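Q: Sharing work04.cif here; it has mmCIF, C-alpha atoms.
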```
data_upload
#
loop_
_atom_site.label_atom_id
_atom_site.label_comp_id
_atom_site.auth_asym_id
_atom_site.auth_seq_id
_atom_site.Cartn_x
_atom_site.Cartn_y
_atom_site.Cartn_z
CA MET A 1 162.69 88.96 125.20
CA ASN A 2 163.72 91.65 122.71
CA ALA A 3 161.37 94.17 121.16
CA GLU A 4 161.15 92.28 117.87
CA THR A 5 160.20 89.02 119.59
CA GLY A 6 157.64 90.80 121.73
CA LEU A 7 156.09 92.42 118.67
CA SER A 8 155.88 89.06 116.89
CA ARG A 9 154.14 87.47 119.84
CA ARG A 10 151.68 90.32 120.14
CA ALA A 11 150.93 90.03 116.43
CA LEU A 12 150.42 86.29 116.80
CA LEU A 13 148.08 86.78 119.74
CA ALA A 14 146.13 89.45 117.87
CA GLY A 15 145.86 87.20 114.84
CA GLY A 16 144.61 84.36 117.01
CA THR A 17 142.01 86.63 118.56
CA LEU A 18 140.81 87.76 115.16
CA ALA A 19 140.66 84.19 113.94
CA LEU A 20 138.62 83.19 116.98
CA ALA A 21 136.26 86.12 116.47
CA SER A 22 135.79 85.24 112.82
CA CYS A 23 134.68 81.75 113.85
CA THR A 24 132.00 83.12 116.15
CA PRO A 25 128.65 82.71 114.33
CA PRO A 26 126.51 85.82 113.90
CA LYS A 27 123.51 86.23 116.17
CA SER A 28 120.22 84.87 114.88
CA ILE A 29 116.56 84.52 115.84
CA LEU A 30 114.27 81.62 114.99
CA VAL A 31 110.79 83.11 114.66
CA HIS A 32 108.58 80.01 114.48
CA GLU A 33 109.47 76.86 116.37
CA HIS A 34 107.92 74.63 119.04
CA ILE A 35 109.14 72.83 122.12
CA LEU A 36 105.97 70.87 122.89
CA VAL A 37 102.49 70.35 121.43
CA ASP A 38 99.44 68.54 122.78
CA PHE A 39 96.91 67.66 120.10
CA ALA A 40 94.39 66.17 122.53
CA GLY A 41 92.00 69.11 122.10
CA ALA A 42 91.18 72.11 124.27
CA GLU A 43 89.18 70.14 126.83
CA LEU A 44 91.80 67.41 127.30
CA ALA A 45 95.18 69.13 126.95
CA SER A 46 96.84 69.18 130.36
CA ARG A 47 100.29 69.42 131.90
CA SER A 48 99.47 66.30 133.86
CA ARG A 49 99.95 64.40 130.59
CA TYR A 50 103.75 64.93 130.49
CA SER A 51 106.83 65.48 132.64
CA HIS A 52 108.95 68.63 132.46
CA ASP A 53 112.06 66.57 133.16
CA GLU A 54 111.43 64.28 130.18
CA VAL A 55 110.79 67.16 127.80
CA ILE A 56 113.84 69.07 129.03
CA ALA A 57 116.05 66.02 128.60
CA ALA A 58 115.00 65.82 124.95
CA ALA A 59 114.88 69.53 124.12
CA LYS A 60 117.96 70.83 125.92
CA PRO A 61 120.61 69.30 123.61
CA LYS A 62 118.70 70.50 120.54
CA LEU A 63 118.63 74.05 121.91
CA GLN A 64 122.27 73.90 122.93
CA ALA A 65 123.14 72.87 119.38
CA ILE A 66 121.60 76.00 117.86
CA ALA A 67 123.06 78.21 120.59
CA LYS A 68 126.47 77.17 119.27
CA LEU A 69 125.29 78.17 115.78
CA GLY A 70 124.38 81.69 116.89
CA CYS A 71 120.73 81.43 117.95
CA VAL A 72 120.01 83.82 120.82
CA ARG A 73 116.21 83.94 120.65
CA PHE A 74 113.71 81.15 120.03
CA VAL A 75 110.09 82.16 119.40
CA ASP A 76 107.86 79.34 120.63
CA CYS A 77 104.58 79.42 118.70
CA THR A 78 102.61 76.84 120.68
CA PRO A 79 99.34 78.57 121.63
CA ASN A 80 97.20 78.21 124.72
CA PHE A 81 95.14 74.98 124.85
CA LEU A 82 97.59 73.33 122.46
CA GLY A 83 100.43 72.86 124.94
CA ARG A 84 101.61 76.37 125.83
CA ASP A 85 103.76 76.03 128.97
CA PRO A 86 105.67 79.18 130.00
CA ARG A 87 107.21 77.47 133.04
CA LEU A 88 108.75 74.78 130.86
CA LEU A 89 110.09 77.43 128.47
CA ALA A 90 111.58 79.42 131.34
CA LYS A 91 113.42 76.35 132.65
CA LEU A 92 114.86 75.64 129.20
CA ALA A 93 115.84 79.26 128.61
CA GLU A 94 117.73 79.36 131.89
CA SER A 95 119.57 76.11 131.24
CA CYS A 96 120.44 76.82 127.58
CA GLY A 97 121.14 80.56 127.59
CA ILE A 98 118.63 81.28 124.80
CA GLU A 99 115.69 83.65 125.14
CA ILE A 100 112.49 81.65 124.61
CA TRP A 101 109.38 83.69 123.91
CA THR A 102 105.79 82.64 124.52
CA ASN A 103 102.53 84.14 123.26
CA THR A 104 98.95 85.08 123.97
CA GLY A 105 95.97 84.37 121.70
CA LEU A 106 93.92 81.36 120.59
CA TYR A 107 94.08 78.89 117.73
CA ALA A 108 90.95 78.39 115.64
CA ALA A 109 92.61 76.31 112.90
CA GLY A 110 92.14 72.56 113.01
CA ALA A 111 88.36 72.86 112.75
CA TYR A 112 88.18 74.69 116.13
CA ARG A 113 89.26 71.65 118.13
CA TYR A 114 91.75 73.71 120.12
CA LEU A 115 89.36 76.50 121.12
CA PRO A 116 88.03 76.52 124.69
CA SER A 117 84.27 76.73 125.07
CA TYR A 118 84.34 80.38 126.10
CA ALA A 119 85.83 81.33 122.74
CA ARG A 120 82.57 80.36 121.06
CA THR A 121 80.39 82.58 123.23
CA GLU A 122 82.55 85.59 124.07
CA SER A 123 82.86 88.56 121.74
CA ALA A 124 86.10 89.57 120.05
CA ARG A 125 86.45 92.41 122.53
CA GLU A 126 85.98 90.04 125.48
CA LEU A 127 88.62 87.68 124.10
CA ALA A 128 90.96 90.60 123.54
CA ALA A 129 90.48 91.64 127.16
CA ARG A 130 91.77 88.22 128.24
CA TRP A 131 94.83 88.50 126.00
CA ILE A 132 95.57 92.07 127.06
CA ALA A 133 95.37 90.95 130.69
CA GLU A 134 97.98 88.24 129.99
CA TRP A 135 100.25 90.89 128.50
CA ARG A 136 99.76 93.25 131.44
CA ASN A 137 99.93 90.69 134.24
CA GLY A 138 102.12 88.03 132.68
CA ILE A 139 101.55 84.30 132.33
CA GLU A 140 103.04 82.44 135.27
CA GLY A 141 105.78 85.02 135.61
CA THR A 142 106.48 85.35 131.88
CA LYS A 143 105.23 88.09 129.58
CA PRO A 144 103.92 87.12 126.14
CA HIS A 145 105.89 88.83 123.37
CA PHE A 146 103.43 88.31 120.51
CA ILE A 147 99.89 87.23 119.62
CA LYS A 148 99.49 83.76 118.09
CA ILE A 149 96.24 82.93 116.35
CA GLY A 150 95.24 80.31 113.81
CA VAL A 151 92.56 80.45 111.14
CA ASN A 152 91.16 77.85 108.77
CA ASP A 153 90.90 78.06 104.97
CA GLY A 154 89.20 81.06 103.41
CA PRO A 155 86.62 82.37 103.10
CA LEU A 156 86.81 82.70 106.86
CA ALA A 157 83.95 81.57 109.07
CA GLU A 158 82.62 83.67 111.95
CA LEU A 159 84.85 82.04 114.57
CA ASP A 160 87.95 82.62 112.48
CA ARG A 161 87.06 86.24 111.89
CA LYS A 162 86.47 86.71 115.61
CA MET A 163 90.05 85.55 116.33
CA VAL A 164 91.42 88.04 113.80
CA GLU A 165 89.38 90.90 115.26
CA ALA A 166 90.38 90.02 118.82
CA ALA A 167 94.02 89.91 117.77
CA ALA A 168 93.74 93.33 116.12
CA ILE A 169 92.18 94.86 119.25
CA THR A 170 94.94 93.33 121.36
CA SER A 171 97.69 94.53 119.05
CA LEU A 172 96.34 98.08 118.95
CA GLU A 173 96.29 98.14 122.76
CA THR A 174 99.64 96.44 123.43
CA GLY A 175 101.76 96.93 120.33
CA LEU A 176 102.26 93.16 120.05
CA THR A 177 102.64 91.63 116.59
CA ILE A 178 100.10 89.08 115.31
CA ALA A 179 101.51 85.80 113.98
CA SER A 180 98.63 84.07 112.23
CA HIS A 181 98.71 80.40 111.22
CA THR A 182 96.89 80.89 107.95
CA GLY A 183 94.86 78.38 105.98
CA ARG A 184 94.59 78.42 102.19
CA ASN A 185 93.35 81.63 100.57
CA ALA A 186 92.97 83.37 103.93
CA ALA A 187 95.85 85.87 104.01
CA PRO A 188 94.23 88.62 101.89
CA GLU A 189 90.95 88.34 103.81
CA GLN A 190 92.72 88.76 107.14
CA MET A 191 94.61 91.78 105.84
CA GLU A 192 91.40 93.35 104.60
CA MET A 193 89.90 92.95 108.07
CA LEU A 194 92.97 94.39 109.76
CA LEU A 195 93.04 97.41 107.46
CA LYS A 196 89.42 98.17 108.31
CA LEU A 197 90.36 97.97 112.00
CA LYS A 198 93.22 100.42 111.28
CA LEU A 199 95.98 98.04 112.30
CA PRO A 200 99.33 98.84 110.65
CA MET A 201 100.22 96.03 108.28
CA ASN A 202 103.70 95.68 109.77
CA LYS A 203 102.02 94.15 112.85
CA PHE A 204 100.80 91.12 110.85
CA ILE A 205 102.82 87.99 110.03
CA TRP A 206 101.45 85.61 107.42
CA VAL A 207 102.53 82.27 108.90
CA HIS A 208 103.05 79.29 106.56
CA ALA A 209 103.22 81.50 103.46
CA GLN A 210 105.25 78.76 101.75
CA ASN A 211 102.00 76.80 101.33
CA GLU A 212 100.87 79.41 98.79
CA LYS A 213 102.40 78.45 95.44
CA ASN A 214 101.69 81.76 93.69
CA HIS A 215 104.66 84.04 94.26
CA GLN A 216 102.65 87.05 93.11
CA ILE A 217 100.49 86.76 96.24
CA HIS A 218 103.66 86.66 98.36
CA ALA A 219 104.72 89.88 96.66
CA GLU A 220 101.32 91.57 97.07
CA VAL A 221 101.22 90.84 100.80
CA ALA A 222 104.78 92.07 101.28
CA ARG A 223 104.17 95.27 99.29
CA ALA A 224 101.19 95.98 101.51
CA GLY A 225 103.63 96.05 104.45
CA ALA A 226 102.91 92.69 106.11
CA TRP A 227 105.50 90.02 106.92
CA VAL A 228 105.69 86.93 104.72
CA GLU A 229 106.94 83.96 106.73
CA PHE A 230 108.39 80.98 104.91
CA ASP A 231 108.62 78.43 107.69
CA GLY A 232 108.59 74.64 107.60
CA ILE A 233 112.15 74.58 106.26
CA SER A 234 113.45 71.00 106.25
CA PRO A 235 115.82 68.91 104.14
CA LYS A 236 112.86 67.91 101.93
CA THR A 237 111.76 71.49 101.16
CA LEU A 238 115.06 73.25 100.54
CA ASP A 239 114.58 73.90 96.83
CA TRP A 240 111.09 75.38 97.21
CA HIS A 241 112.08 77.58 100.12
CA GLN A 242 115.13 78.76 98.21
CA ASP A 243 112.89 79.63 95.27
CA CYS A 244 110.59 81.62 97.58
CA VAL A 245 113.42 83.64 99.08
CA GLU A 246 115.15 84.29 95.77
CA PHE A 247 111.90 85.48 94.21
CA MET A 248 111.38 87.96 97.04
CA ALA A 249 114.98 89.15 96.70
CA LYS A 250 114.51 89.66 92.96
CA GLU A 251 111.40 91.74 93.70
CA LYS A 252 113.37 93.77 96.28
CA LEU A 253 111.10 92.49 99.04
CA LEU A 254 113.63 90.64 101.16
CA GLY A 255 112.99 93.17 103.90
CA ARG A 256 109.52 91.68 104.47
CA VAL A 257 110.61 88.02 104.69
CA LEU A 258 110.86 85.84 107.79
CA LEU A 259 112.35 82.33 107.88
CA SER A 260 111.96 79.45 110.30
CA GLN A 261 111.41 75.70 110.50
CA ASP A 262 108.23 75.03 112.52
CA SER A 263 110.29 72.26 114.04
CA GLY A 264 110.62 70.50 117.39
CA TRP A 265 107.29 69.23 118.65
CA TRP A 266 107.56 66.97 121.65
CA HIS A 267 104.23 65.23 121.01
CA VAL A 268 102.38 64.74 124.27
CA GLY A 269 100.89 61.27 124.46
CA GLU A 270 103.46 59.61 122.18
CA ASP A 271 106.29 57.43 123.46
CA ASN A 272 109.31 59.62 124.31
CA GLY A 273 107.63 62.57 122.62
CA GLY A 274 107.44 60.91 119.22
CA ASN A 275 109.49 62.36 116.37
CA PHE A 276 111.02 65.37 118.11
CA ARG A 277 112.99 67.14 115.37
CA GLY A 278 115.98 69.39 115.95
CA TYR A 279 116.37 73.04 114.98
CA ASP A 280 119.69 73.15 113.13
CA SER A 281 118.65 72.31 109.56
CA ILE A 282 118.16 75.98 108.67
CA TYR A 283 121.79 76.63 109.57
CA ARG A 284 123.41 73.53 108.13
CA ASP A 285 121.26 72.81 105.07
CA PHE A 286 119.42 75.98 104.03
CA LEU A 287 121.56 79.06 104.68
CA PRO A 288 124.45 77.69 102.57
CA LYS A 289 122.08 77.72 99.57
CA LEU A 290 121.44 81.47 99.90
CA ASP A 291 123.55 84.54 99.23
CA PRO A 292 125.56 84.91 102.48
CA LYS A 293 124.91 88.67 102.42
CA TRP A 294 121.24 87.94 103.19
CA ARG A 295 121.80 86.08 106.46
CA THR A 296 121.87 89.05 108.82
CA GLN A 297 118.76 90.59 107.33
CA LEU A 298 116.77 87.35 107.28
CA LEU A 299 117.72 85.94 110.67
CA TRP A 300 118.45 89.07 112.69
CA ASP A 301 117.25 92.41 111.31
CA ASN A 302 113.86 91.27 110.02
CA PRO A 303 112.88 89.24 113.14
CA ARG A 304 113.81 92.11 115.44
CA SER A 305 111.75 94.52 113.34
CA ALA A 306 108.78 92.17 112.97
CA PHE A 307 108.39 91.59 116.71
CA SER A 308 109.27 95.08 117.89
CA VAL A 309 106.82 96.80 120.24
#
```
Please go through the file and, once you have read it, give me the structure as C-alpha cells.

A:
Amino acid sequence: MNAETGLSRRALLAGGTLALASCTPPKSILVHEHILVDFAGAELASRSRYSHDEVIAAAKPKLQAIAKLGCVRFVDCTPNFLGRDPRLLAKLAESCGIEIWTNTGLYAAGAYRYLPSYARTESARELAARWIAEWRNGIEGTKPHFIKIGVNDGPLAELDRKMVEAAAITSLETGLTIASHTGRNAAPEQMEMLLKLKLPMNKFIWVHAQNEKNHQIHAEVARAGAWVEFDGISPKTLDWHQDCVEFMAKEKLLGRVLLSQDSGWWHVGEDNGGNFRGYDSIYRDFLPKLDPKWRTQLLWDNPRSAFSV
C-alpha cells in the first residue's frame, strides 16, 4: 500500500466516523412523563394490583425507542399514592440505559382523592418532614430528585395551600425543585405564597401551563423567574404547543420554558394497562416544527437547570 492509498483510506475512515457522529442524536431529557398510574384513590392504590413483569414488557420498548432518539433522562412524575413505584423505575432504568427519576410530595388535585388521611390532619411542616426524610434516607434505595405536588383550581383551598407550603419548606431544606400540577388560575397564587416563604422562583415549575390560553400570563410567570412547562404534547396539540413556544421565543423567554408529553400511563386496573402511549411524538412530530437551534436549550440546558440542586 503506497502513501497515497493509505492517505485515501484514512480520509475515508475519518469521513465515515464523522458521518456516524453526525447521525448520533443530541442528548435530551423528558421532564414530565409517566410509566404507571393507579387512579383507585389513596386508600386503594396498591402494588398488589399489577405485575412488574407486565408493566416492564409494555414500557421497555417505548423507553428503548426514545433512548435511540437521544433521551438519557426520564423524569417520572407519578406521585405517592397515585402509583409511585421506585423499584419498578429502577428495573426499567437498568434494562433500558436511561436515568429514570422519581419524586417526593403529595397530590391534592383531583378533589383530594389521592391524599392519604394523614395529609388532612398534619401540618405543612409535618408533611415536609416526611418528604425531607425521603430525600435524606431514600425511597426503597432510590433518592427522589424533585418534589411533585398537585393543586386544584384557584383560589386555592386550605389543603391545596398546605401542599404548596410543605413543598416550599422541603425545597428550602433540600434544594429540590417543585413541579406543581396546577389547576386553572392557580399559578400566580402559588407563586405569591412561595415568594412570601422566600423560595427562589427558579425552584418552581408551573406544570400544565399549556392549559392557560393567555400568553401574557405565561410571560409574567417566566419573567418572575419560574419555569413554564408546556407538557401534554401530542399529535393533536402540535399547533398550540408550537404557538406557545414561539411566543416565548419572541418575548426572549425561551430560557424559562420546559417541554414534555405527560405520556405513558400504564393504567392499573385496565386490561393490559389500557391505552399506554409512547414517548417519541415530541421527537418525531413536534421538534421538526421548531427552529432546530432551540432543541438543545429546550430539551437539555433548561431541564438540567430547572432540576439542579

Q: Nearest residue to A:Trp300 out of A:Ala226, A:Leu127, A:Leu259, A:Ala167, using only C-alpha atoms?

A: A:Leu259

Q: Take atom CA of A:Ile98 and atom CA of A:Ile56 and report the distance between them in Å, one decimal.

A: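 Separation of atom CA of A:Ile98 and atom CA of A:Ile56: 13.8 Å.
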
Q: Hey, what's within 9 Å of A:Arg47 if we count all atoms listed in the file and toss same-chain stuff fewer than 5 positions away? As a list in words, please?

A: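 Here the answer would be His52, Gly83 and Asp85 of chain A.
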
Q: If we draw a sphere of 6 Å around (109.0, 76.3, 116.7), which residues have at least one atom in it when counting all atoms listed in the file? Please report them as a list in words.

A: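 Result, sorted by chain then residue number: His32, Glu33, His34, Asp76, Cys77, Asp262 and Ser263 of chain A.
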
Q: One number please: atom CA of A:Glu140 to atom CA of A:Ile100, in Å, one decimal.

A: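 The value is 14.3 Å.
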
Q: Can you work out which one of A:Ala119, A:Asp160, A:Gly105, A:Ile233 has the shortest atom-to-atom distance to A:Ala133, counting all atoms listed in the file?

A: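 Under the stated criterion, the closest residue is A:Gly105.
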
Q: What's the separation between atom CA of A:Tyr50 and atom CA of A:Ser234, in Å to one decimal place?

A: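 Computed distance, atom CA of A:Tyr50 to atom CA of A:Ser234, equals 26.8 Å.
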
Q: I'd like the neighbourhood of stretch 79-82 of chain A as a ChimeraX atom specification, where a residue qualifies if any of its atoms comes within 6 Å (using all atoms listed in the file), though same-chain residues fewer than 2 positions away should be ignored.

A: /A:37-38,42,84,114

Q: A:Glu212: which residues within 12 Å, counting all atoms listed in the file, same-chain residues fewer than 3 positions away excluded, as a list of chain:residue names?

A: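 Here the answer would be A:Asp153, A:Thr182, A:Gly183, A:Arg184, A:Asn185, A:Ala186, A:Ala187, A:Pro188, A:Trp206, A:Val207, A:His208, A:Ala209, A:His215, A:Gln216, A:Ile217, A:His218, A:Ala219, A:Val221, A:Val228, A:Glu229, A:Phe230, A:Asp231, A:Trp240, A:His241, A:Cys244.
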
Q: So that I can see what lies close to stretch 121-124 of chain A, please list as a list in words the residues with an atom at most 12 Å from it, counting all atoms listed in the file and leaving out residues fewer than 4 positions away in the same chain.

A: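 Once the nearby chain positions are removed, what remains is Gly105, Leu106, Leu115, Pro116, Ser117, Ala128, Ala129, Arg130, Trp131, Glu158, Leu159, Asp160, Arg161, Lys162, Met163, Val164, Glu165, Ala166, Ala167, Ala168, Ile169 and Thr170 of chain A.
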
Q: Which is closest to A:Ala45 among A:Val268, A:Ala108, A:Leu298, A:Val309, if we use all atoms listed in the file?

A: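 Distance minimum relative to A:Ala45 lands on A:Val268.
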
Q: Run the PyMOL selection byres ((chain A and resi 62-65) around 8) against the file shown and list the residues it catches, as number ranges by chain.

A: A: 58-61, 66-69, 96, 98, 278-280

Q: Nearest to A:Phe74 among A:Arg304, A:Lys196, A:Lys213, A:His267, with distances taken over all atoms listed in the file: which residue is it?

A: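 Going through A:Arg304, A:Lys196, A:Lys213, A:His267 one by one, the smallest distance to A:Phe74 is for A:Arg304.
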
Q: From the set A:Gly232, A:Ile149, A:Lys198, A:Arg284, which residue has the shortest atom-to-atom contact distance to A:Ser260, counting all atoms listed in the file?

A: A:Gly232

Q: Counting all atoms listed in the file, which residue out of A:Ala57, A:Ala109, A:Val72, A:Val31 sits closest to A:Leu88?

A: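 Looking at the shortest contact to A:Leu88, the residue is A:Ala57.
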
Q: Give me, as a list in words, all polymer residues having an atom no more than 6 Å from A:Ser28, counting all atoms listed in the file and skipping those fewer than 4 positions away in the same chain.

A: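 So, after excluding close chain neighbours, the residues are Gly70, Cys71, Leu299 and Trp300 of chain A.
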